[in-house]
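A.B. asks: Would you mind keeping the following structure in view while I ask a few things?
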Protein chains: 2
Amino acid sequence: MMESAGWQEQLSRVGVRLTTSREIVANILHDTQRHLSAEDIFIRAVQVNPSIGLTTVYRALELFTDIGIVQKFDFGDGKARYELASDHHNAEHHHHLICIKCKKIINYDDFVQEELELMKKTEKALSKKHHFKIMHHIIHFYGICEHCR
Amino acid sequence: MMESAGWQEQLSRVGVRLTTSREIVANILHDTQRHLSAEDIFIRAVQVNPSIGLTTVYRALELFTDIGIVQKFDFGDGKARYELASDHHNAEHHHHLICIKCKKIINYDDFVQEELELMKKTEKALSKKHHFKIMHHIIHFYGICEHCR
DNA sequence: ATGAAAATGAAACCCATTTTCATATTTGAA
DNA sequence: TTCAAATATGAAAATGGGTTTCATTTTCAT
């Protein structure tokens, strides 16, 4: 998979070291479309380097989230999920549809164009009104999936 | 504040008992504009009835959430927050602006009209496409507040 | 009033995440 | 290159929301 390009520069720009652990985590996120938990990522990381620790995975994820190359989500099942931020790499802007029964998560990107326009407008207004520097937004739809009816 | 009206009927309709614990929790939620955690609610509940247990508060909140009269949120600070659902009682439809540093939460209701239209359209499309029965949605904006810059 | 069903409280438990701390790795200055 | 300071890592222990268990109490239809 050629490029997980970008995150390296991002790290060094922030003055943080480019380590193999971090590269492994970045690659795992880069190579999936799924919504992985820290443990999911850890399990995959161990395949690459059996000596990696869960703690390190957590730390890499926290770092990436702080820098802004990863977005952390809570879908209500008690564990956080991580995805590459939508404005990085090959990740497309999208949102989530969550089944409140089985917790299945579906990505969708319908109406993103309209949504982005409205969000941009809203962001602008909110920034001004509340003096916030807005970094990103999330939209979650909760419902019951076909299978759980 | 006169009525926490509505929740009683809602409970009995679902075949659940109307207890004083539940009333206390419902009233606390009804009387605040804040975004209370289970413990916040517990602390206030104890003022009313010192013998109430934290467990009971959690159970009432879970029940209310399941029934749909309360909405549970995760703003990323490790504890869930609860609000009356926006289509009940005196609660207005609104969304949240969250400071990623100090975790302050601000309600906003700008552009809700446009937002609701877009959301309705999106919900319809998503329902059809993914065979989901959509119950509700959330929108969170994350950024840095004036004070934390 | 009364008993079966449902709700409660305290304590024990669970489990994702964080912290601690001793060790190892990286980097830049000499 | 070499070395020391800064940074990163892993294992184990700790933390802390939230949940489960179980014995007791409350509710409500009869």
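Going by the structure tokens order, chains are called A, B, ..., each with residues numbered from 1, while ligands are numbered from 1 in the order shown.
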Give me, as a list in words, all polymer residues having an atom no more than 9 Å from DA16 (chain C), counting only C-alpha atoms (C1' of nucleotides) and skipping those fewer than 3 positions away in the same chain.

C.D. replies: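 Residues meeting the cut-off are Gly78, Lys79 and Ala80 of chain A.
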
A.B. asks: Check which residues of chain A sit at most 10 Å from chain C using only C-alpha atoms (C1' of nucleotides), and return one row each with the closest pair of atoms and their distance in Å to one decimal, ordered by chain and rising number, as JSON lines.

C.D. replies:
```
{"residue": "A:Arg17", "atom": "CA", "partner": "C:DT26", "partner_atom": "C1'", "distance": 7.9}
{"residue": "A:Leu18", "atom": "CA", "partner": "C:DT26", "partner_atom": "C1'", "distance": 9.4}
{"residue": "A:Thr19", "atom": "CA", "partner": "C:DT26", "partner_atom": "C1'", "distance": 8.9}
{"residue": "A:Ala38", "atom": "CA", "partner": "C:DA16", "partner_atom": "C1'", "distance": 9.2}
{"residue": "A:Glu39", "atom": "CA", "partner": "C:DA16", "partner_atom": "C1'", "distance": 9.4}
{"residue": "A:Thr55", "atom": "CA", "partner": "C:DT18", "partner_atom": "C1'", "distance": 8.8}
{"residue": "A:Tyr58", "atom": "CA", "partner": "C:DT17", "partner_atom": "C1'", "distance": 8.2}
{"residue": "A:Arg59", "atom": "CA", "partner": "C:DT18", "partner_atom": "C1'", "distance": 9.8}
{"residue": "A:Gly78", "atom": "CA", "partner": "C:DA16", "partner_atom": "C1'", "distance": 7.5}
{"residue": "A:Lys79", "atom": "CA", "partner": "C:DA16", "partner_atom": "C1'", "distance": 6.4}
{"residue": "A:Ala80", "atom": "CA", "partner": "C:DA16", "partner_atom": "C1'", "distance": 8.6}
```

A.B. asks: Suppose we keep N, CA, C and O atoms; can you now write the selection as a PDB file, in the first residue's frame?

C.D. replies:
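And here's part29.pdb as it stands now:
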```pdb
ATOM      1  N   ARG A  17       8.812  11.776  17.666  1.00  0.00           N
ATOM      2  CA  ARG A  17       9.634  10.807  16.940  1.00  0.00           C
ATOM      3  C   ARG A  17       8.852   9.850  16.059  1.00  0.00           C
ATOM      4  O   ARG A  17       7.745   9.442  16.405  1.00  0.00           O
ATOM      5  N   LEU A  18       9.492   9.480  14.968  1.00  0.00           N
ATOM      6  CA  LEU A  18       8.880   8.533  14.034  1.00  0.00           C
ATOM      7  C   LEU A  18       9.347   7.146  14.401  1.00  0.00           C
ATOM      8  O   LEU A  18      10.441   6.735  14.028  1.00  0.00           O
ATOM      9  N   THR A  19       8.530   6.430  15.105  1.00  0.00           N
ATOM     10  CA  THR A  19       8.949   5.112  15.575  1.00  0.00           C
ATOM     11  C   THR A  19       8.212   4.026  14.823  1.00  0.00           C
ATOM     12  O   THR A  19       7.204   4.280  14.158  1.00  0.00           O
ATOM     13  N   ALA A  38      -9.174   0.141  20.070  1.00  0.00           N
ATOM     14  CA  ALA A  38      -7.757   0.053  20.405  1.00  0.00           C
ATOM     15  C   ALA A  38      -7.315  -1.407  20.429  1.00  0.00           C
ATOM     16  O   ALA A  38      -6.236  -1.744  19.940  1.00  0.00           O
ATOM     17  N   GLU A  39      -8.156  -2.255  20.959  1.00  0.00           N
ATOM     18  CA  GLU A  39      -7.763  -3.658  21.028  1.00  0.00           C
ATOM     19  C   GLU A  39      -7.728  -4.311  19.649  1.00  0.00           C
ATOM     20  O   GLU A  39      -6.827  -5.098  19.362  1.00  0.00           O
ATOM     21  N   THR A  55      -0.444  -0.718  25.605  1.00  0.00           N
ATOM     22  CA  THR A  55      -0.243   0.661  26.071  1.00  0.00           C
ATOM     23  C   THR A  55       0.301   1.552  24.962  1.00  0.00           C
ATOM     24  O   THR A  55      -0.133   2.691  24.802  1.00  0.00           O
ATOM     25  N   TYR A  58      -2.369   2.484  22.573  1.00  0.00           N
ATOM     26  CA  TYR A  58      -3.179   3.565  23.131  1.00  0.00           C
ATOM     27  C   TYR A  58      -2.451   4.898  23.001  1.00  0.00           C
ATOM     28  O   TYR A  58      -3.038   5.919  22.658  1.00  0.00           O
ATOM     29  N   ARG A  59      -1.166   4.872  23.301  1.00  0.00           N
ATOM     30  CA  ARG A  59      -0.433   6.133  23.266  1.00  0.00           C
ATOM     31  C   ARG A  59      -0.313   6.680  21.854  1.00  0.00           C
ATOM     32  O   ARG A  59      -0.444   7.894  21.633  1.00  0.00           O
ATOM     33  N   GLY A  78     -19.141   1.215  24.679  1.00  0.00           N
ATOM     34  CA  GLY A  78     -18.181   1.123  25.763  1.00  0.00           C
ATOM     35  C   GLY A  78     -16.721   1.138  25.374  1.00  0.00           C
ATOM     36  O   GLY A  78     -15.857   1.127  26.238  1.00  0.00           O
ATOM     37  N   LYS A  79     -16.435   1.116  24.086  1.00  0.00           N
ATOM     38  CA  LYS A  79     -15.036   1.230  23.700  1.00  0.00           C
ATOM     39  C   LYS A  79     -14.913   2.225  22.555  1.00  0.00           C
ATOM     40  O   LYS A  79     -15.791   2.311  21.684  1.00  0.00           O
ATOM     41  N   ALA A  80     -13.831   2.976  22.587  1.00  0.00           N
ATOM     42  CA  ALA A  80     -13.627   3.984  21.560  1.00  0.00           C
ATOM     43  C   ALA A  80     -13.199   3.332  20.243  1.00  0.00           C
ATOM     44  O   ALA A  80     -12.656   2.233  20.239  1.00  0.00           O
TER      45      ALA A  80
END
```

A.B. asks: What separation in Å, quoted to one decimal, exists between CA of Phe111 (chain A) and CA of Thr122 (chain B)?

C.D. replies: 6.8 Å

A.B. asks: Residues of chain D within 9 Å of chain A, counting only C-alpha atoms (C1' of nucleotides), what are they? List them as a PyMOL selection string.

C.D. replies: chain D and resi 7-11

A.B. asks: Taking only C-alpha atoms into account, find every residue of chain B that has an atom no more than 8 Å from chain A, and write it out as a VMD selection string.

C.D. replies: chain B and resid 74 76 99 110 to 111 114 to 115 118 122 to 123 125 to 126 130 to 146

A.B. asks: DSSP on the backbone, strand (DSSP E) only: what residues of chain A does that give? Format it as a PyMOL selection string.

C.D. replies: chain A and resi 36-37+70-74+80-84+95-99+105-108+133-144

A.B. asks: One decimal, in Å: what's the spacing between CA of Gln71 (chain B) and CA of Leu61 (chain A)?

C.D. replies: 28.1 Å

A.B. asks: Would you mind reading off the distance between CA of Arg81 (chain A) and CA of Lys124 (chain A), one decimal, in Å?

C.D. replies: 28.1 Å
